[in-house]
file model.csv (CSV, C-alpha atoms)
chain,number,residue,atom,x,y,z
A,1220,MET,CA,28.4,16.5,-23.1
A,1221,TYR,CA,31.6,14.6,-24.0
A,1222,GLY,CA,29.6,11.4,-24.4
A,1223,SER,CA,29.1,11.3,-20.7
A,1224,TYR,CA,26.1,10.6,-18.4
A,1225,THR,CA,23.2,11.9,-20.3
A,1226,GLY,CA,20.3,11.3,-17.9
A,1227,ARG,CA,21.4,13.4,-15.0
A,1228,ARG,CA,18.7,14.2,-12.5
A,1229,ARG,CA,18.6,17.1,-10.1
A,1230,GLY,CA,18.0,16.5,-6.4
A,1231,SER,CA,14.3,17.3,-6.4
A,1232,VAL,CA,13.8,14.5,-9.0
A,1233,ARG,CA,15.9,12.1,-7.0
A,1234,ALA,CA,13.9,12.8,-3.9
A,1235,GLY,CA,10.8,11.9,-5.8
A,1236,ALA,CA,12.2,8.5,-6.7
A,1237,ALA,CA,12.7,7.8,-3.0
A,1238,VAL,CA,9.1,8.8,-2.3
A,1239,GLY,CA,8.0,6.3,-4.9
A,1240,ALA,CA,10.0,3.6,-3.2
A,1241,LEU,CA,8.5,4.4,0.2
A,1242,LEU,CA,5.0,4.6,-1.3
A,1243,SER,CA,5.6,1.1,-2.8
A,1244,LEU,CA,6.2,-0.2,0.7
A,1245,VAL,CA,2.8,1.1,1.7
A,1246,THR,CA,0.9,-0.2,-1.3
A,1247,LEU,CA,2.7,-3.5,-1.1
A,1248,SER,CA,1.1,-4.1,2.3
A,1249,GLY,CA,-2.3,-4.3,0.6
A,1250,CYS,CA,-3.5,-0.8,1.7
A,1251,PHE,CA,-4.2,0.2,-1.9
A,1252,GLY,CA,-7.1,2.4,-1.0
A,1253,SER,CA,-5.5,4.2,1.9
A,1254,SER,CA,-2.1,5.2,0.8
A,1255,GLY,CA,-2.8,8.9,1.1
A,1256,SER,CA,-1.7,9.5,-2.5
A,1257,GLY,CA,-4.9,11.3,-3.5
A,1258,ARG,CA,-5.6,8.7,-6.2
A,1259,SER,CA,-9.1,7.1,-6.6
A,1260,ASP,CA,-9.7,3.5,-5.7
A,1261,ARG,CA,-9.9,2.7,-9.4
A,1262,GLU,CA,-6.6,4.3,-10.1
A,1263,GLU,CA,-5.0,2.5,-7.2
A,1264,GLU,CA,-6.4,-0.8,-8.5
A,1265,ALA,CA,-5.0,-0.1,-12.0
A,1266,ILE,CA,-1.6,0.7,-10.5
A,1267,ALA,CA,-1.7,-2.5,-8.4
A,1268,ALA,CA,-2.6,-4.6,-11.5
A,1269,ALA,CA,0.3,-3.1,-13.5
A,1270,ARG,CA,2.8,-3.7,-10.7
A,1271,PRO,CA,5.6,-5.8,-12.1
A,1272,ALA,CA,6.9,-9.0,-10.6
A,1273,GLN,CA,10.5,-9.5,-9.5
A,1274,ARG,CA,12.9,-11.2,-11.9
A,1275,PRO,CA,14.4,-14.6,-11.0
A,1276,ARG,CA,17.2,-13.9,-8.6
A,1277,ASN,CA,19.6,-16.3,-10.4
A,1278,VAL,CA,19.2,-14.2,-13.6
A,1279,VAL,CA,19.4,-10.8,-12.0
A,1280,PRO,CA,19.3,-10.3,-8.2
A,1281,TYR,CA,18.2,-6.6,-8.3
A,1282,TRP,CA,14.9,-5.2,-7.1
A,1283,VAL,CA,12.2,-4.2,-9.5
A,1284,ASN,CA,10.6,-1.0,-8.2
A,1285,PRO,CA,6.8,-1.8,-8.4
A,1286,ASP,CA,6.0,1.9,-8.1
A,1287,GLY,CA,8.5,3.4,-10.5
A,1288,ALA,CA,7.7,5.9,-13.3
A,1289,ALA,CA,7.4,3.1,-15.9
A,1290,ALA,CA,5.0,1.1,-13.8
A,1291,ARG,CA,2.9,4.1,-13.1
A,1292,GLN,CA,2.8,4.9,-16.8
A,1293,VAL,CA,1.7,1.3,-17.6
A,1294,ALA,CA,-1.2,1.8,-15.2
A,1295,GLU,CA,-2.1,5.1,-16.7
A,1296,TYR,CA,-2.2,3.6,-20.2
A,1297,ARG,CA,-4.3,0.7,-19.1
A,1298,ARG,CA,-6.7,3.0,-17.4
A,1299,LYS,CA,-7.2,4.9,-20.6
A,1300,GLY,CA,-7.5,1.6,-22.6
A,1301,GLU,CA,-4.3,2.3,-24.5
A,1302,THR,CA,-3.2,-1.4,-24.3
A,1303,GLY,CA,-0.6,-1.2,-27.0
A,1304,GLU,CA,1.3,1.6,-25.3
A,1305,ALA,CA,1.0,-0.2,-22.0
A,1306,LYS,CA,2.5,-3.3,-23.4
A,1307,LEU,CA,5.5,-1.3,-24.7
A,1308,ILE,CA,6.2,0.5,-21.5
A,1309,GLN,CA,5.9,-2.8,-19.6
A,1310,LYS,CA,9.2,-3.8,-21.2
A,1311,ILE,CA,10.8,-1.1,-19.0
A,1312,ALA,CA,8.6,-1.5,-16.0
A,1313,ALA,CA,9.4,-5.3,-15.7
A,1314,GLN,CA,13.2,-4.7,-15.3
A,1315,PRO,CA,15.3,-3.6,-12.4
A,1316,VAL,CA,16.7,-0.1,-12.9
A,1317,ALA,CA,19.1,1.8,-10.7
A,1318,GLU,CA,17.7,4.2,-8.1
A,1319,TRP,CA,19.6,7.5,-7.9
A,1320,LEU,CA,20.0,9.0,-4.5
A,1321,GLY,CA,19.2,12.7,-4.2
A,1322,VAL,CA,20.6,15.6,-2.3
A,1323,ASP,CA,17.8,15.6,0.3
A,1324,ASP,CA,17.6,12.8,2.9
A,1325,PRO,CA,20.1,10.3,1.4
A,1326,GLU,CA,19.8,8.2,4.5
A,1327,GLY,CA,16.0,7.9,4.3
A,1328,GLN,CA,16.2,7.2,0.5
A,1329,ALA,CA,18.9,4.5,0.9
A,1330,ARG,CA,17.1,2.9,3.7
A,1331,GLY,CA,13.8,3.0,1.8
A,1332,PHE,CA,15.2,1.4,-1.3
A,1333,THR,CA,17.3,-1.3,0.5
A,1334,GLU,CA,14.4,-2.2,2.8
A,1335,ALA,CA,12.1,-2.5,-0.1
A,1336,ALA,CA,14.6,-4.8,-1.9
A,1337,VAL,CA,15.0,-6.9,1.2
A,1338,SER,CA,11.3,-7.4,1.5
A,1339,GLU,CA,11.4,-9.0,-1.9
A,1340,GLU,CA,14.6,-11.0,-1.2
A,1341,ARG,CA,16.5,-8.9,-3.7
A,1342,ASP,CA,19.4,-6.5,-3.7
A,1343,ALA,CA,19.2,-2.7,-4.2
A,1344,LEU,CA,21.0,-1.1,-7.2
A,1345,LEU,CA,21.9,2.5,-6.3
A,1346,VAL,CA,23.7,5.3,-7.9
A,1347,PHE,CA,25.6,8.0,-5.9
A,1348,TYR,CA,25.7,11.2,-8.0
A,1349,ASN,CA,26.5,14.2,-5.8
A,1350,ILE,CA,30.2,14.9,-6.3
A,1351,PRO,CA,31.2,18.6,-6.0
A,1352,HIS,CA,31.5,20.4,-9.4
A,1353,ARG,CA,29.3,17.8,-11.0
A,1354,ASP,CA,29.0,17.7,-14.8
A,1355,CYS,CA,31.1,20.8,-15.3
A,1356,GLY,CA,28.1,23.1,-15.2
A,1357,GLN,CA,26.2,21.3,-18.0
A,1358,TYR,CA,22.7,19.8,-18.0
A,1359,SER,CA,23.2,18.1,-14.7
A,1360,LYS,CA,25.3,20.7,-12.9
A,1361,GLY,CA,25.2,20.7,-9.2
A,1362,GLY,CA,26.4,18.3,-6.5
A,1363,ALA,CA,27.5,18.9,-3.0
A,1364,ALA,CA,28.7,22.4,-2.2
A,1365,ASP,CA,32.2,21.3,-1.1
A,1366,GLY,CA,34.1,18.3,0.1
A,1367,ASN,CA,32.8,18.5,3.7
A,1368,ALA,CA,29.3,18.6,2.4
A,1369,TYR,CA,29.9,15.6,0.3
A,1370,ARG,CA,31.4,13.6,3.2
A,1371,ALA,CA,28.4,14.4,5.3
A,1372,TRP,CA,26.0,13.4,2.5
A,1373,LEU,CA,28.0,10.2,2.0
A,1374,ASP,CA,27.9,9.3,5.7
A,1375,LYS,CA,24.1,9.5,5.7
A,1376,ALA,CA,23.8,7.4,2.6
A,1377,VAL,CA,26.1,4.8,4.0
A,1378,ARG,CA,24.0,4.6,7.2
A,1379,GLY,CA,20.9,4.2,5.1
A,1380,ILE,CA,22.3,1.1,3.4
A,1381,GLY,CA,23.5,-0.5,6.6
A,1382,ASP,CA,23.8,-4.3,6.5
A,1383,ARG,CA,21.4,-4.8,3.6
A,1384,ALA,CA,22.6,-6.0,0.2
A,1385,ALA,CA,23.3,-3.2,-2.3
A,1386,THR,CA,25.4,-2.5,-5.3
A,1387,VAL,CA,26.5,1.2,-5.7
A,1388,ILE,CA,27.5,2.8,-9.0
A,1389,LEU,CA,29.8,5.5,-7.7
A,1390,GLU,CA,29.7,9.0,-9.2
A,1391,PRO,CA,29.0,8.9,-12.9
A,1392,ASP,CA,31.3,11.3,-14.9
A,1393,ALA,CA,33.6,12.1,-12.0
A,1394,LEU,CA,36.6,10.2,-13.3
A,1395,PRO,CA,36.1,10.7,-17.0
A,1396,HIS,CA,35.7,14.5,-16.5
A,1397,ALA,CA,38.9,14.4,-14.5
A,1398,VAL,CA,40.6,12.8,-17.4
A,1399,ASP,CA,39.2,14.9,-20.3
A,1400,GLY,CA,40.1,18.2,-18.6
A,1401,CYS,CA,36.5,19.3,-18.1
A,1402,THR,CA,36.9,19.4,-14.3
A,1403,PRO,CA,39.5,22.1,-13.4
A,1404,ARG,CA,42.8,20.8,-12.2
A,1405,ARG,CA,42.5,22.6,-8.8
A,1406,PHE,CA,39.6,20.3,-7.9
A,1407,LEU,CA,41.2,17.0,-8.8
A,1408,GLU,CA,43.0,16.1,-5.6
A,1409,GLU,CA,39.9,16.7,-3.6
A,1410,ARG,CA,37.9,14.6,-6.1
A,1411,TYR,CA,40.3,11.6,-5.8
A,1412,ASP,CA,40.2,11.9,-2.0
A,1413,LEU,CA,36.4,12.0,-2.0
A,1414,LEU,CA,36.1,8.9,-4.2
A,1415,THR,CA,38.7,6.9,-2.3
A,1416,GLY,CA,36.9,7.8,0.9
A,1417,ALA,CA,33.5,6.8,-0.6
A,1418,VAL,CA,34.9,3.4,-1.7
A,1419,ASP,CA,36.4,2.8,1.8
A,1420,LYS,CA,33.2,3.6,3.6
A,1421,LEU,CA,31.0,1.6,1.3
A,1422,LYS,CA,33.3,-1.4,1.3
A,1423,GLY,CA,33.2,-1.2,5.1
A,1424,LEU,CA,29.6,-2.3,4.9
A,1425,PRO,CA,29.1,-6.1,5.0
A,1426,ARG,CA,27.0,-6.6,1.9
A,1427,THR,CA,27.8,-3.7,-0.5
A,1428,LYS,CA,29.5,-3.8,-3.9
A,1429,VAL,CA,31.0,-0.7,-5.5
A,1430,TYR,CA,31.7,0.1,-9.1
A,1431,LEU,CA,33.6,3.2,-10.2
A,1432,ASP,CA,32.5,4.9,-13.4
A,1433,ALA,CA,35.0,4.7,-16.2
A,1434,GLY,CA,33.2,6.4,-19.1
A,1435,ASN,CA,32.7,4.6,-22.4
A,1436,PRO,CA,34.7,3.7,-25.5
A,1437,HIS,CA,33.7,6.8,-27.4
A,1438,TRP,CA,34.6,9.2,-24.6
A,1439,ILE,CA,38.1,8.3,-23.2
A,1440,LYS,CA,39.1,6.3,-26.2
A,1441,ASP,CA,42.4,5.1,-25.0
A,1442,PRO,CA,41.8,2.9,-21.9
A,1443,ARG,CA,45.4,3.6,-20.7
A,1444,ARG,CA,44.2,7.1,-19.8
A,1445,MET,CA,41.6,5.7,-17.4
A,1446,ALA,CA,43.8,3.1,-15.6
A,1447,GLU,CA,45.7,5.4,-13.3
A,1448,PRO,CA,42.7,7.6,-12.4
A,1449,LEU,CA,40.8,4.4,-11.4
A,1450,ARG,CA,43.6,3.3,-9.2
A,1451,ARG,CA,43.8,6.7,-7.6
A,1452,ALA,CA,40.1,6.6,-6.9
A,1453,GLY,CA,40.3,3.4,-4.9
A,1454,LEU,CA,39.7,0.7,-7.5
A,1455,LYS,CA,41.8,-1.8,-5.6
A,1456,LYS,CA,39.2,-2.0,-2.8
A,1457,ALA,CA,36.2,-1.6,-5.2
A,1458,ASP,CA,34.5,-4.5,-6.9
A,1459,GLY,CA,35.2,-3.2,-10.4
A,1460,PHE,CA,34.3,-0.4,-12.8
A,1461,ALA,CA,31.2,0.6,-14.8
A,1462,LEU,CA,31.0,1.5,-18.5
A,1463,ASN,CA,28.5,3.2,-20.8
A,1464,ILE,CA,26.4,4.9,-18.1
A,1465,ALA,CA,23.5,6.6,-19.9
A,1466,ASN,CA,25.3,6.3,-23.3
A,1467,TYR,CA,24.5,4.4,-26.4
A,1468,GLN,CA,27.7,2.6,-27.3
A,1469,THR,CA,27.2,-1.0,-28.3
A,1470,THR,CA,27.7,-3.8,-25.8
A,1471,ALA,CA,30.3,-5.4,-28.1
A,1472,ASP,CA,32.4,-2.2,-28.2
A,1473,ASN,CA,32.1,-1.8,-24.4
A,1474,LYS,CA,33.2,-5.4,-23.8
A,1475,ALA,CA,36.2,-5.0,-26.0
A,1476,TYR,CA,37.2,-1.7,-24.3
A,1477,GLY,CA,36.4,-3.1,-20.8
A,1478,ARG,CA,38.7,-6.1,-21.4
A,1479,LYS,CA,41.6,-3.9,-22.3
A,1480,LEU,CA,41.0,-1.6,-19.3
A,1481,SER,CA,40.6,-4.6,-17.0
A,1482,ALA,CA,43.9,-6.0,-18.1
A,1483,LEU,CA,45.5,-2.7,-17.1
A,1484,VAL,CA,44.0,-2.6,-13.6
A,1485,GLY,CA,44.7,-6.1,-12.3
A,1486,GLY,CA,41.8,-8.0,-14.0
A,1487,LYS,CA,39.0,-6.1,-12.3
A,1488,PRO,CA,35.6,-7.1,-13.7
A,1489,PHE,CA,33.1,-4.5,-15.0
A,1490,VAL,CA,29.4,-3.8,-15.6
A,1491,ILE,CA,27.9,-2.3,-18.7
A,1492,ASP,CA,24.9,0.0,-18.9
A,1493,THR,CA,22.7,-1.6,-21.6
A,1494,SER,CA,19.6,0.5,-20.9
A,1495,ARG,CA,19.5,2.3,-24.2
A,1496,ASN,CA,22.2,0.8,-26.5
A,1497,GLY,CA,20.1,-1.6,-28.5
A,1498,ASN,CA,20.6,0.3,-31.7
A,1499,GLY,CA,24.0,1.7,-30.8
A,1500,PRO,CA,25.0,5.4,-31.0
A,1501,VAL,CA,23.7,7.8,-33.7
A,1502,PRO,CA,25.9,7.3,-36.8
A,1503,GLY,CA,28.0,10.2,-38.1
A,1504,LYS,CA,29.3,13.3,-36.3
A,1505,GLU,CA,26.9,16.0,-37.6
A,1506,ASP,CA,25.2,16.5,-34.2
A,1507,PRO,CA,27.5,17.8,-31.5
A,1508,GLU,CA,24.9,16.7,-28.9
A,1509,ALA,CA,24.3,13.2,-30.4
A,1510,TRP,CA,24.4,11.9,-26.9
A,1511,CYS,CA,21.4,14.0,-25.8
A,1512,ASN,CA,17.9,12.4,-26.5
A,1513,PRO,CA,18.9,11.0,-29.9
A,1514,LYS,CA,16.2,9.6,-32.1
A,1515,GLY,CA,16.0,6.0,-33.2
A,1516,ARG,CA,17.6,4.5,-30.1
A,1517,ALA,CA,16.4,1.3,-28.4
A,1518,LEU,CA,16.5,-0.6,-25.2
A,1519,GLY,CA,19.5,-2.9,-25.0
A,1520,GLU,CA,20.1,-6.3,-23.3
A,1521,THR,CA,17.9,-6.8,-20.3
A,1522,PRO,CA,19.6,-6.7,-16.9
A,1523,THR,CA,21.4,-10.0,-16.1
A,1524,VAL,CA,24.4,-11.4,-14.3
A,1525,ARG,CA,24.4,-14.2,-16.9
A,1526,THR,CA,26.7,-12.4,-19.4
A,1527,GLY,CA,28.6,-15.4,-20.6
A,1528,ASP,CA,31.8,-13.5,-20.0
A,1529,ALA,CA,33.8,-13.8,-16.8
A,1530,ALA,CA,35.1,-10.2,-17.2
A,1531,VAL,CA,31.6,-8.8,-17.4
A,1532,ALA,CA,29.9,-9.0,-14.0
A,1533,ALA,CA,26.5,-7.8,-15.3
A,1534,TYR,CA,24.5,-6.0,-17.8
A,1535,LEU,CA,22.6,-3.3,-15.9
A,1536,TRP,CA,20.1,-0.6,-16.6
A,1537,ILE,CA,21.9,2.2,-14.7
A,1538,LYS,CA,20.4,5.1,-16.7
A,1539,ARG,CA,16.6,4.9,-16.2
A,1540,PRO,CA,15.2,4.4,-19.7
A,1541,GLY,CA,12.4,6.8,-20.5
A,1542,GLU,CA,13.9,9.7,-18.6
A,1543,SER,CA,15.2,12.7,-20.5
A,1544,ASP,CA,18.8,13.6,-21.1
A,1545,GLY,CA,18.1,17.3,-20.8
A,1546,THR,CA,16.4,20.1,-22.6
A,1547,CYS,CA,17.5,19.2,-26.0
A,1548,LYS,CA,15.5,17.9,-29.0
A,1549,GLY,CA,12.2,18.8,-27.3
A,1550,GLY,CA,13.0,16.9,-24.1
A,1551,PRO,CA,12.1,18.0,-20.5
A,1552,HIS,CA,14.7,18.7,-17.9
A,1553,ALA,CA,17.3,16.0,-17.3
A,1554,GLY,CA,15.9,13.0,-15.4
A,1555,ARG,CA,12.2,13.8,-16.0
A,1556,TRP,CA,10.1,11.0,-17.2
A,1557,TRP,CA,9.3,11.4,-21.0
A,1558,PRO,CA,6.6,9.0,-22.2
A,1559,ARG,CA,7.2,9.7,-25.9
A,1560,TYR,CA,10.9,8.8,-25.6
A,1561,ALA,CA,10.2,5.8,-23.5
A,1562,LEU,CA,7.8,4.5,-26.1
A,1563,ASP,CA,10.3,5.0,-28.9
A,1564,LEU,CA,13.0,3.0,-26.9
A,1565,ALA,CA,10.6,0.2,-26.3
A,1566,ARG,CA,9.2,0.2,-29.8
A,1567,ASN,CA,12.7,0.0,-31.4
A,1568,ALA,CA,13.9,-2.8,-29.1
A,1569,LYS,CA,14.8,-6.0,-30.8
call {"tool": "encode", "arguments": {"input": "model.csv", "output": "structure tokens"}}
result
Amino acid sequence: MYGSYTGRRRGSVRAGAAVGALLSLVTLSGCFGSSGSGRSDREEEAIAAARPAQRPRNVVPYWVNPDGAAARQVAEYRRKGETGEAKLIQKIAAQPVAEWLGVDDPEGQARGFTEAAVSEERDALLVFYNIPHRDCGQYSKGGAADGNAYRAWLDKAVRGIGDRAATVILEPDALPHAVDGCTPRRFLEERYDLLTGAVDKLKGLPRTKVYLDAGNPHWIKDPRRMAEPLRRAGLKKADGFALNIANYQTTADNKAYGRKLSALVGGKPFVIDTSRNGNGPVPGKEDPEAWCNPKGRALGETPTVRTGDAAVAAYLWIKRPGESDGTCKGGPHAGRWWPRYALDLARNAK
């Protein structure tokens, strides 16, 4: 709610993403018929044929997961002869999207994703989303049990990254929910301590960039309200902040908001999630959950570091397009792959 991150995924789903990455390492070695996946040789061949190529590094340096949900969906459509649907989902499969670390085995997941990226001479794009009291008990409630549990989880994730190149989007919703009052005041000091600690540890790695989530222009409308929370969360050491995670606000509105916020925090650059903002947000205010699986939305600008704006470090697909925002409007649980919604996003893309 509150216009916040709308594609939140529970730990079991996140763990599945890591398994996909590790499977990709096996299948990339050429052992398509012996991956142990239970798929037939024909199915393995279809998946291999659908496996997307990496984008040019000078356009976007991030790794395209060749065994992600979209790539597997393309293979399934091709196997069924549904070429039109396969072509649409290929729009998603061909782009690098963020990998969200789960509760279980963050070290193994981080290592698997970063090693897979290194094997393709690319960087990993990761999201850490395990802060205690996550999402204020809404669709993606959960997170670490307490501060000590979070620190232990963080240490494992940091070890998993090691000296490999990675960009981490740190804790979607954590700061905006601190600002809008959703997170109880008694938890705020711990939250800032956990975030500053996370920034310190991640920036202690030799090749890791960190961006703190700062909401979107429709959520915390006055950027002055976000400036001090960002500073308290360790923005000085971080590489910048992130906007529009899993939301639908237009790129133009995010750029205007981001420039104002950047000016308040020492000129820090920012990244924008453009995964689903191609048609902007749902017009009007009739639907109190207009952020949750809204109809008529579209893929936005494809990921790139060539933004043409010195203040904007990158357009990224942080929210994984095609995954549900939650059990609203007929959707599955948050973070589950939803082919119908993925098709609509791709079909509506300009």
call {"tool": "residues_around", "arguments": {"input": "model.csv", "residues": "stretch 1433-1446 of chain A", "least_positions_apart": "3", "cutoff": "7 Å", "atoms": "only C-alpha atoms", "output": "JSON, numbers by chain"}}
result
{"A": [1221, 1222, 1223, 1392, 1394, 1395, 1449, 1450, 1460, 1461, 1462, 1463, 1472, 1473, 1476, 1479, 1480, 1483, 1484]}
call {"tool": "closest_residue", "arguments": {"input": "model.csv", "among": "A:Glu1334, A:Glu1520, A:Asp1324, A:Asp1492", "to": "A:Lys1569", "atoms": "all atoms listed in the file"}}
result
A:Glu1520
call {"tool": "closest_residue", "arguments": {"input": "model.csv", "among": "A:Asp1286, A:Glu1508, A:Glu1304, A:Glu1409", "to": "A:Arg1270", "atoms": "all atoms listed in the file"}}
result
A:Asp1286
call {"tool": "closest_residue", "arguments": {"input": "model.csv", "among": "A:Ala1376, A:Lys1456, A:Val1346, A:Phe1489", "to": "A:Gly1477", "atoms": "all atoms listed in the file"}}
result
A:Phe1489
call {"tool": "closest_residue", "arguments": {"input": "model.csv", "among": "A:Glu1295, A:Asp1323, A:Asp1399, A:Glu1340", "to": "A:Arg1274", "atoms": "all atoms listed in the file"}}
result
A:Glu1340
call {"tool": "closest_residue", "arguments": {"input": "model.csv", "among": "A:Arg1451, A:Arg1410, A:Ile1311, A:Leu1320", "to": "A:Ser1494", "atoms": "all atoms listed in the file"}}
result
A:Ile1311
call {"tool": "atom_distance", "arguments": {"input": "model.csv", "atom1": "atom CA of A:Gly1381", "atom2": "atom CA of A:Leu1424"}}
result
6.6 Å
call {"tool": "atom_distance", "arguments": {"input": "model.csv", "atom1": "atom CA of A:Ala1457", "atom2": "atom CA of A:Thr1402"}}
result
22.9 Å
